[in-house]
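File shown here: data.csv, holding CSV, N, CA and C atoms and all ligand atoms.
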```csv
chain,number,residue,atom,x,y,z
A,1,MET,N,109.0,71.2,113.8
A,1,MET,CA,109.6,71.9,114.9
A,1,MET,C,111.1,71.6,115.1
A,2,SER,N,111.8,72.6,115.1
A,2,SER,CA,113.3,72.5,115.4
A,2,SER,C,113.5,73.1,116.8
A,3,ALA,N,114.1,72.3,117.7
A,3,ALA,CA,114.1,72.7,119.1
A,3,ALA,C,114.8,74.0,119.4
A,4,ASP,N,115.8,74.3,118.6
A,4,ASP,CA,116.6,75.5,118.8
A,4,ASP,C,116.2,76.7,117.9
A,5,CYS,N,115.1,76.6,117.2
A,5,CYS,CA,114.7,77.6,116.2
A,5,CYS,C,113.8,78.7,116.9
A,6,LEU,N,114.2,79.9,116.7
A,6,LEU,CA,113.4,81.0,117.3
A,6,LEU,C,112.0,81.1,116.7
A,7,PHE,N,111.8,80.9,115.4
A,7,PHE,CA,110.5,81.1,114.9
A,7,PHE,C,109.6,79.8,115.1
A,8,CYS,N,110.2,78.6,115.3
A,8,CYS,CA,109.4,77.5,115.8
A,8,CYS,C,108.9,77.8,117.2
A,9,LYS,N,109.7,78.5,118.0
A,9,LYS,CA,109.3,78.8,119.4
A,9,LYS,C,108.2,79.8,119.4
A,10,ILE,N,108.3,80.8,118.4
A,10,ILE,CA,107.2,81.8,118.3
A,10,ILE,C,105.9,81.1,117.8
A,11,SER,N,106.1,80.1,116.9
A,11,SER,CA,104.9,79.4,116.4
A,11,SER,C,104.2,78.7,117.5
A,12,ALA,N,105.0,78.1,118.4
A,12,ALA,CA,104.5,77.3,119.6
A,12,ALA,C,104.1,78.2,120.7
A,13,LYS,N,104.3,79.5,120.6
A,13,LYS,CA,104.0,80.5,121.6
A,13,LYS,C,104.8,80.3,122.9
A,14,LYS,N,106.0,79.7,122.7
A,14,LYS,CA,107.0,79.6,123.8
A,14,LYS,C,107.7,80.9,124.0
A,15,ILE,N,107.7,81.7,122.9
A,15,ILE,CA,108.3,83.1,122.9
A,15,ILE,C,107.2,84.0,122.5
A,16,PRO,N,106.9,85.1,123.3
A,16,PRO,CA,105.8,86.0,122.9
A,16,PRO,C,106.1,86.8,121.6
A,17,SER,N,105.1,87.1,120.9
A,17,SER,CA,105.2,87.9,119.7
A,17,SER,C,103.8,88.5,119.5
A,18,LYS,N,103.8,89.6,118.6
A,18,LYS,CA,102.5,90.2,118.2
A,18,LYS,C,102.0,89.5,117.0
A,19,ILE,N,101.2,88.4,117.2
A,19,ILE,CA,100.7,87.6,116.1
A,19,ILE,C,99.6,88.4,115.4
A,20,VAL,N,99.6,88.5,114.1
A,20,VAL,CA,98.6,89.3,113.4
A,20,VAL,C,97.7,88.4,112.5
A,21,TYR,N,98.2,87.1,112.3
A,21,TYR,CA,97.4,86.2,111.5
A,21,TYR,C,98.0,84.8,111.8
A,22,GLU,N,97.1,83.8,111.9
A,22,GLU,CA,97.6,82.4,112.0
A,22,GLU,C,96.5,81.4,111.6
A,23,ASP,N,96.9,80.3,111.0
A,23,ASP,CA,96.1,79.2,110.8
A,23,ASP,C,96.9,77.9,110.9
A,24,GLU,N,96.4,76.8,110.4
A,24,GLU,CA,97.1,75.5,110.5
A,24,GLU,C,98.4,75.5,109.7
A,25,ASP,N,98.5,76.3,108.7
A,25,ASP,CA,99.7,76.2,107.8
A,25,ASP,C,100.7,77.3,108.0
A,26,VAL,N,100.3,78.5,108.4
A,26,VAL,CA,101.2,79.7,108.4
A,26,VAL,C,100.8,80.5,109.7
A,27,PHE,N,101.8,81.4,110.1
A,27,PHE,CA,101.6,82.4,111.1
A,27,PHE,C,102.3,83.6,110.7
A,28,ALA,N,101.8,84.7,111.2
A,28,ALA,CA,102.4,86.0,110.8
A,28,ALA,C,102.4,86.9,112.1
A,29,PHE,N,103.6,87.7,112.2
A,29,PHE,CA,103.7,88.4,113.5
A,29,PHE,C,104.6,89.7,113.1
A,30,GLU,N,104.5,90.7,114.0
A,30,GLU,CA,105.2,91.9,113.8
A,30,GLU,C,106.7,91.7,114.0
A,31,ASP,N,107.5,92.2,113.1
A,31,ASP,CA,109.0,92.2,113.3
A,31,ASP,C,109.4,93.0,114.5
A,32,ILE,N,110.3,92.5,115.3
A,32,ILE,CA,110.7,93.1,116.6
A,32,ILE,C,111.5,94.4,116.3
A,33,SER,N,112.1,94.5,115.1
A,33,SER,CA,112.9,95.7,114.7
A,33,SER,C,112.4,96.2,113.3
A,34,PRO,N,111.3,96.8,113.3
A,34,PRO,CA,110.6,97.2,112.0
A,34,PRO,C,111.5,98.1,111.2
A,35,GLN,N,111.5,97.8,109.9
A,35,GLN,CA,112.3,98.6,108.9
A,35,GLN,C,111.3,99.4,108.1
A,36,ALA,N,110.1,99.4,108.4
A,36,ALA,CA,109.1,100.3,107.7
A,36,ALA,C,107.9,100.3,108.7
A,37,PRO,N,106.9,101.3,108.5
A,37,PRO,CA,105.8,101.4,109.4
A,37,PRO,C,105.0,100.1,109.5
A,38,THR,N,104.9,99.3,108.4
A,38,THR,CA,104.4,97.9,108.5
A,38,THR,C,105.6,97.0,108.2
A,39,HIS,N,105.9,96.1,109.1
A,39,HIS,CA,106.9,95.1,108.9
A,39,HIS,C,106.5,93.8,109.6
A,40,ILE,N,105.9,92.9,108.8
A,40,ILE,CA,105.4,91.7,109.3
A,40,ILE,C,106.2,90.5,108.7
A,41,LEU,N,106.4,89.5,109.5
A,41,LEU,CA,107.1,88.3,109.1
A,41,LEU,C,106.0,87.2,109.0
A,42,LEU,N,106.0,86.5,107.9
A,42,LEU,CA,105.1,85.4,107.6
A,42,LEU,C,105.9,84.1,107.5
A,43,CYS,N,105.5,83.0,108.2
A,43,CYS,CA,106.3,81.8,108.2
A,43,CYS,C,105.3,80.6,108.0
A,44,PRO,N,105.9,79.6,107.4
A,44,PRO,CA,105.2,78.3,107.5
A,44,PRO,C,105.3,77.7,108.9
A,45,ARG,N,104.3,76.9,109.3
A,45,ARG,CA,104.4,76.2,110.6
A,45,ARG,C,105.6,75.2,110.5
A,46,LYS,N,105.7,74.6,109.3
A,46,LYS,CA,106.8,73.6,109.0
A,46,LYS,C,108.1,74.2,109.0
A,47,HIS,N,109.1,73.7,109.8
A,47,HIS,CA,110.4,74.2,109.8
A,47,HIS,C,111.2,73.8,108.5
A,48,PHE,N,111.6,74.8,107.7
A,48,PHE,CA,112.7,74.6,106.8
A,48,PHE,C,113.4,75.9,106.6
A,49,ILE,N,114.6,75.8,106.2
A,49,ILE,CA,115.6,76.9,106.3
A,49,ILE,C,115.3,78.1,105.4
A,50,SER,N,115.1,77.7,104.1
A,50,SER,CA,115.0,78.8,103.1
A,50,SER,C,114.4,78.2,101.8
A,51,LEU,N,114.3,79.0,100.8
A,51,LEU,CA,113.8,78.4,99.5
A,51,LEU,C,114.7,77.4,99.0
A,52,ASP,N,116.0,77.5,99.3
A,52,ASP,CA,117.0,76.5,98.8
A,52,ASP,C,116.7,75.1,99.5
A,53,HIS,N,116.0,75.1,100.6
A,53,HIS,CA,115.7,73.8,101.3
A,53,HIS,C,114.3,73.4,101.1
A,54,ALA,N,113.5,74.1,100.3
A,54,ALA,CA,112.1,73.8,100.0
A,54,ALA,C,112.0,72.6,99.0
A,55,THR,N,110.9,71.8,99.2
A,55,THR,CA,110.7,70.7,98.2
A,55,THR,C,109.3,71.0,97.6
A,56,ALA,N,109.0,70.1,96.7
A,56,ALA,CA,107.7,70.2,96.0
A,56,ALA,C,106.5,70.2,97.0
A,57,GLU,N,106.7,69.5,98.1
A,57,GLU,CA,105.5,69.5,99.1
A,57,GLU,C,105.3,70.9,99.7
A,58,ASP,N,106.3,71.8,99.6
A,58,ASP,CA,106.2,73.1,100.2
A,58,ASP,C,105.6,74.1,99.3
A,59,GLN,N,105.3,73.7,98.0
A,59,GLN,CA,104.9,74.7,97.0
A,59,GLN,C,103.7,75.5,97.4
A,60,ALA,N,102.7,74.7,98.0
A,60,ALA,CA,101.4,75.4,98.3
A,60,ALA,C,101.6,76.4,99.4
A,61,VAL,N,102.4,76.1,100.5
A,61,VAL,CA,102.5,77.0,101.6
A,61,VAL,C,103.4,78.2,101.2
A,62,ILE,N,104.3,78.0,100.3
A,62,ILE,CA,105.1,79.2,99.9
A,62,ILE,C,104.1,80.2,99.1
A,63,GLY,N,103.3,79.7,98.3
A,63,GLY,CA,102.3,80.5,97.7
A,63,GLY,C,101.3,81.2,98.7
A,64,LYS,N,100.9,80.4,99.7
A,64,LYS,CA,100.0,80.9,100.7
A,64,LYS,C,100.6,82.1,101.4
A,65,LEU,N,101.9,82.0,101.7
A,65,LEU,CA,102.6,83.1,102.4
A,65,LEU,C,102.4,84.4,101.6
A,66,GLN,N,102.5,84.4,100.3
A,66,GLN,CA,102.4,85.6,99.5
A,66,GLN,C,100.9,86.1,99.5
A,67,LEU,N,100.0,85.1,99.4
A,67,LEU,CA,98.6,85.6,99.4
A,67,LEU,C,98.1,86.1,100.7
A,68,VAL,N,98.6,85.5,101.8
A,68,VAL,CA,98.3,86.1,103.2
A,68,VAL,C,98.9,87.5,103.3
A,69,ALA,N,100.1,87.6,102.8
A,69,ALA,CA,100.8,89.0,102.8
A,69,ALA,C,99.9,90.0,102.0
A,70,ALA,N,99.4,89.6,100.9
A,70,ALA,CA,98.6,90.5,100.1
A,70,ALA,C,97.3,90.9,100.9
A,71,GLN,N,96.7,89.9,101.5
A,71,GLN,CA,95.5,90.2,102.3
A,71,GLN,C,95.8,91.2,103.5
A,72,LEU,N,96.9,90.9,104.2
A,72,LEU,CA,97.3,91.8,105.3
A,72,LEU,C,97.6,93.2,104.7
A,73,ALA,N,98.2,93.3,103.5
A,73,ALA,CA,98.5,94.6,102.9
A,73,ALA,C,97.2,95.3,102.6
A,74,ARG,N,96.2,94.6,102.1
A,74,ARG,CA,94.9,95.2,101.8
A,74,ARG,C,94.2,95.7,103.1
A,75,GLU,N,94.3,94.9,104.1
A,75,GLU,CA,93.7,95.3,105.4
A,75,GLU,C,94.3,96.5,106.0
A,76,ARG,N,95.6,96.7,105.7
A,76,ARG,CA,96.3,97.8,106.3
A,76,ARG,C,96.4,99.0,105.3
A,77,ASN,N,95.7,98.9,104.2
A,77,ASN,CA,95.6,100.0,103.2
A,77,ASN,C,96.9,100.4,102.7
A,78,LEU,N,97.8,99.5,102.4
A,78,LEU,CA,99.1,99.8,101.8
A,78,LEU,C,98.9,100.1,100.3
A,79,LEU,N,98.2,101.2,100.1
A,79,LEU,CA,97.7,101.4,98.7
A,79,LEU,C,98.8,101.9,97.8
A,80,ASP,N,99.9,102.5,98.3
A,80,ASP,CA,100.9,103.0,97.5
A,80,ASP,C,102.0,102.0,97.1
A,81,GLY,N,101.7,100.8,97.6
A,81,GLY,CA,102.7,99.7,97.2
A,81,GLY,C,103.3,99.1,98.5
A,82,TYR,N,103.8,97.9,98.4
A,82,TYR,CA,104.4,97.2,99.5
A,82,TYR,C,105.4,96.3,98.9
A,83,ARG,N,106.2,95.7,99.7
A,83,ARG,CA,107.2,94.8,99.2
A,83,ARG,C,107.2,93.5,100.0
A,84,THR,N,107.3,92.3,99.3
A,84,THR,CA,107.4,91.0,100.0
A,84,THR,C,108.8,90.5,99.6
A,85,VAL,N,109.5,90.0,100.6
A,85,VAL,CA,110.9,89.6,100.4
A,85,VAL,C,111.2,88.3,101.2
A,86,PHE,N,111.8,87.4,100.5
A,86,PHE,CA,112.5,86.3,101.2
A,86,PHE,C,114.0,86.6,101.1
A,87,ASN,N,114.7,86.6,102.2
A,87,ASN,CA,116.1,86.7,102.2
A,87,ASN,C,116.6,85.2,102.3
A,88,ASN,N,117.3,84.8,101.3
A,88,ASN,CA,117.8,83.3,101.3
A,88,ASN,C,119.3,83.3,101.5
A,89,GLY,N,119.7,82.9,102.7
A,89,GLY,CA,121.1,82.7,102.9
A,89,GLY,C,121.7,84.0,103.5
A,90,ALA,N,122.8,83.8,104.3
A,90,ALA,CA,123.4,84.9,105.0
A,90,ALA,C,123.9,86.0,104.1
A,91,GLY,N,124.3,85.6,102.9
A,91,GLY,CA,124.8,86.7,101.9
A,91,GLY,C,123.7,87.6,101.5
A,92,ALA,N,122.4,87.1,101.6
A,92,ALA,CA,121.3,88.0,101.2
A,92,ALA,C,120.6,88.6,102.5
A,93,GLY,N,121.3,88.4,103.6
A,93,GLY,CA,120.8,89.1,104.8
A,93,GLY,C,120.0,88.2,105.8
A,94,GLN,N,119.9,86.9,105.4
A,94,GLN,CA,119.1,86.0,106.3
A,94,GLN,C,119.8,85.8,107.6
A,95,SER,N,119.1,86.0,108.7
A,95,SER,CA,119.7,85.9,110.1
A,95,SER,C,118.9,84.9,110.9
A,96,VAL,N,117.7,84.5,110.5
A,96,VAL,CA,116.9,83.5,111.2
A,96,VAL,C,116.6,82.4,110.2
A,97,PHE,N,117.0,81.2,110.5
A,97,PHE,CA,117.1,80.1,109.5
A,97,PHE,C,115.9,79.2,109.6
A,98,HIS,N,114.7,79.9,109.6
A,98,HIS,CA,113.4,79.3,109.4
A,98,HIS,C,112.7,80.2,108.3
A,99,LEU,N,112.4,79.6,107.2
A,99,LEU,CA,111.9,80.4,106.0
A,99,LEU,C,110.9,81.5,106.5
A,100,HIS,N,111.0,82.7,106.1
A,100,HIS,CA,110.0,83.7,106.4
A,100,HIS,C,110.0,84.7,105.3
A,101,LEU,N,108.7,85.3,105.1
A,101,LEU,CA,108.5,86.3,104.1
A,101,LEU,C,108.3,87.6,104.8
A,102,HIS,N,109.1,88.6,104.5
A,102,HIS,CA,109.0,90.0,105.0
A,102,HIS,C,107.9,90.7,104.2
A,103,LEU,N,106.9,91.3,104.9
A,103,LEU,CA,105.9,92.2,104.3
A,103,LEU,C,106.3,93.6,104.8
A,104,LEU,N,106.7,94.5,103.9
A,104,LEU,CA,107.1,95.8,104.3
A,104,LEU,C,106.2,96.8,103.6
A,105,GLY,N,105.8,97.8,104.3
A,105,GLY,CA,104.9,98.8,103.6
A,105,GLY,C,104.8,100.1,104.5
A,106,GLY,N,104.2,101.1,103.9
A,106,GLY,CA,104.0,102.4,104.6
A,106,GLY,C,105.0,103.4,104.4
A,107,ARG,N,106.0,103.2,103.5
A,107,ARG,CA,107.0,104.2,103.1
A,107,ARG,C,107.4,103.9,101.7
A,108,PRO,N,108.1,104.8,101.0
A,108,PRO,CA,108.6,104.5,99.7
A,108,PRO,C,109.8,103.6,99.7
A,109,PHE,N,110.0,102.8,98.7
A,109,PHE,CA,111.1,101.8,98.6
A,109,PHE,C,111.9,102.2,97.4
A,110,ARG,N,113.2,102.0,97.5
A,110,ARG,CA,114.1,102.2,96.3
A,110,ARG,C,114.3,100.9,95.6
A,111,TRP,N,114.8,101.0,94.3
A,111,TRP,CA,115.2,99.9,93.6
A,111,TRP,C,116.5,100.3,92.8
A,112,PRO,N,117.5,99.5,92.8
A,112,PRO,CA,117.6,98.2,93.4
A,112,PRO,C,117.7,98.2,94.9
A,113,PRO,N,117.3,97.1,95.6
A,113,PRO,CA,117.4,97.1,97.1
A,113,PRO,C,118.8,97.0,97.5
A,114,GLY,N,119.1,97.4,98.7
A,114,GLY,CA,120.5,97.3,99.2
A,114,GLY,C,121.0,95.9,99.5
B,1,LIG,P1,116.1,87.9,108.2
B,1,LIG,O1,117.3,88.8,108.5
B,1,LIG,O2,116.5,86.5,108.6
B,1,LIG,O3,115.6,88.0,106.8
B,1,LIG,O4,114.9,88.4,109.1
B,1,LIG,C1,114.8,88.0,110.5
B,1,LIG,C2,113.9,89.1,111.1
B,1,LIG,O5,113.5,88.6,112.3
B,1,LIG,C3,114.6,90.4,111.3
B,1,LIG,O6,113.9,91.4,110.6
B,1,LIG,C4,114.5,90.6,112.8
B,1,LIG,O7,114.2,91.9,113.2
B,1,LIG,C5,113.4,89.6,113.2
B,1,LIG,N1,113.5,89.1,114.6
B,1,LIG,C6,114.6,88.6,115.1
B,1,LIG,N2,114.4,88.1,116.4
B,1,LIG,C7,113.0,88.4,116.6
B,1,LIG,C8,112.2,88.1,117.7
B,1,LIG,O8,112.5,87.6,118.8
B,1,LIG,N3,110.9,88.5,117.6
B,1,LIG,C9,110.4,89.1,116.4
B,1,LIG,N4,109.1,89.4,116.4
B,1,LIG,N5,111.2,89.3,115.4
B,1,LIG,C10,112.5,89.0,115.4
B,2,ZN,ZN,111.8,76.7,112.8
```
Take the structure in the file and give it back as C-alpha cells.
Ligand code: 5GP
Ligand code: ZN
Amino acid sequence: MSADCLFCKISAKKIPSKIVYEDEDVFAFEDISPQAPTHILLCPRKHFISLDHATAEDQAVIGKLQLVAAQLARERNLLDGYRTVFNNGAGAGQSVFHLHLHLLGGRPFRWPPG
C-alpha cells in the first residue's frame, strides 16, 4: 500500500470503481475512460510502479494478471481478438504509477500501436 497511490486506494475500496474480478493477489476494474468497448485494468494488490520495478517475487502475479485477463476476455466473448498492454514509463503512456495491465477488446486494433 502506497498512501498516495490511486490504484492502492481503489484496491482498498477507499475510491469507488466497477470491480469485475478480485482475489487475494489481484483486482480488476473498468477503466474510467474506456478506449474500447471492453477496457479493464488489472493490478496486483502489491504496490510496485512498473515492470522495471518488478522483482523475481513478482513473477507469479505478473503471469496471473495475463491469465485473469484471458479469462475475462473469454467471459466477454472477445472472440475476434483482444489486446493486453503494460505501459511502462511516461514515455510509453503510463500515467498511474502502480503496475496495471490494460485489457482492451470489442473493436479492431491496428499494428503498430500509436
Ligand atoms: P496508464 O496511462 O497509466 O497506462 O493507464 C491508466 C489508466 O487509468 C487510464 O486508462 C485511465 O483512464 C485510468 N484511470 C485513471 N484514473 C482512474 C480512476 O479514478 N478510476 C478508474 N476506474 N480508472 C482510472
Ligand atoms: Zn499502488
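Here the question is which of A:Lys18, A:His53, A:His98, A:Lys13 gets nearest to ligand ZN 2 (chain B) using only N, CA and C atoms and all ligand atoms, and that residue is A:His98.
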Subject >> 10 Å contact set for Leu6 of chain A, only C-alpha atoms, chain neighbours under 6 positions out, as an MDAnalysis selection string >> reply: chainID A and resid 12 14:15 96:98
With N, CA and C atoms retained, export the selected residues as a PDB file, in the frame of the given file.
```pdb
ATOM      1  N   ALA A  12     105.000  78.100 118.400  1.00  0.00           N
ATOM      2  CA  ALA A  12     104.500  77.300 119.600  1.00  0.00           C
ATOM      3  C   ALA A  12     104.100  78.200 120.700  1.00  0.00           C
ATOM      4  N   LYS A  14     106.000  79.700 122.700  1.00  0.00           N
ATOM      5  CA  LYS A  14     107.000  79.600 123.800  1.00  0.00           C
ATOM      6  C   LYS A  14     107.700  80.900 124.000  1.00  0.00           C
ATOM      7  N   ILE A  15     107.700  81.700 122.900  1.00  0.00           N
ATOM      8  CA  ILE A  15     108.300  83.100 122.900  1.00  0.00           C
ATOM      9  C   ILE A  15     107.200  84.000 122.500  1.00  0.00           C
ATOM     10  N   VAL A  96     117.700  84.500 110.500  1.00  0.00           N
ATOM     11  CA  VAL A  96     116.900  83.500 111.200  1.00  0.00           C
ATOM     12  C   VAL A  96     116.600  82.400 110.200  1.00  0.00           C
ATOM     13  N   PHE A  97     117.000  81.200 110.500  1.00  0.00           N
ATOM     14  CA  PHE A  97     117.100  80.100 109.500  1.00  0.00           C
ATOM     15  C   PHE A  97     115.900  79.200 109.600  1.00  0.00           C
ATOM     16  N   HIS A  98     114.700  79.900 109.600  1.00  0.00           N
ATOM     17  CA  HIS A  98     113.400  79.300 109.400  1.00  0.00           C
ATOM     18  C   HIS A  98     112.700  80.200 108.300  1.00  0.00           C
TER      19      HIS A  98
END
```
Subject >> At most 6 Å from ligand LIG 1 (chain B) (only N, CA and C atoms and all ligand atoms): residue list as an NGL selection string >> reply: :A and (17-18 or 29-34 or 87 or 93-97)
Original post:
Can you tell me which residues sit at most 6.5 Å away from ligand ZN 2 (chain B), counting only N, CA and C atoms and all ligand atoms, written as a PyMOL selection string?
Top reply: chain A and resi 1-2+5-9+46-48+97-99
Subject >> Interatomic distance, atom C of Asp25 of chain A to atom CA of Pro44 of chain A (Å, one decimal) >> reply: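 These two atoms are separated by 4.6 Å.
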Original post:
Could you state the separation of atom N of Pro113 of chain A and atom C of Gln35 of chain A in Å, given to one decimal place?
Top reply: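 These two atoms are separated by 14.1 Å.
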**OP:** Could you give me, as a VMD selection string, each residue of chain A that DSSP assigns to helix (DSSP H, G or I) when run on this structure's backbone?
**Re:** chain A and resid 6 to 11 51 to 53 56 to 75 90 to 92
Subject >> Spatial neighbours of Leu103 of chain A, 5 Å, only N, CA and C atoms, chain gap at least 6 places, as a list in words >> reply: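 Counting only the stated atoms, we get Thr38, His39, Ile40, Leu41, Arg83 and Thr84 of chain A.
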What does the file look like for those residues with N, CA and C atoms, as an mmCIF file, in the frame of the given file?
```cif
data_model
loop_
_atom_site.group_PDB
_atom_site.id
_atom_site.type_symbol
_atom_site.label_atom_id
_atom_site.label_comp_id
_atom_site.auth_asym_id
_atom_site.auth_seq_id
_atom_site.Cartn_x
_atom_site.Cartn_y
_atom_site.Cartn_z
ATOM 1 N N THR A 38 104.900 99.300 108.400
ATOM 2 C CA THR A 38 104.400 97.900 108.500
ATOM 3 C C THR A 38 105.600 97.000 108.200
ATOM 4 N N HIS A 39 105.900 96.100 109.100
ATOM 5 C CA HIS A 39 106.900 95.100 108.900
ATOM 6 C C HIS A 39 106.500 93.800 109.600
ATOM 7 N N ILE A 40 105.900 92.900 108.800
ATOM 8 C CA ILE A 40 105.400 91.700 109.300
ATOM 9 C C ILE A 40 106.200 90.500 108.700
ATOM 10 N N LEU A 41 106.400 89.500 109.500
ATOM 11 C CA LEU A 41 107.100 88.300 109.100
ATOM 12 C C LEU A 41 106.000 87.200 109.000
ATOM 13 N N ARG A 83 106.200 95.700 99.700
ATOM 14 C CA ARG A 83 107.200 94.800 99.200
ATOM 15 C C ARG A 83 107.200 93.500 100.000
ATOM 16 N N THR A 84 107.300 92.300 99.300
ATOM 17 C CA THR A 84 107.400 91.000 100.000
ATOM 18 C C THR A 84 108.800 90.500 99.600
#
```
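Take atom CA of Ala90 of chain A and atom CA of Ala69 of chain A: the distance between them is 23.1 Å.
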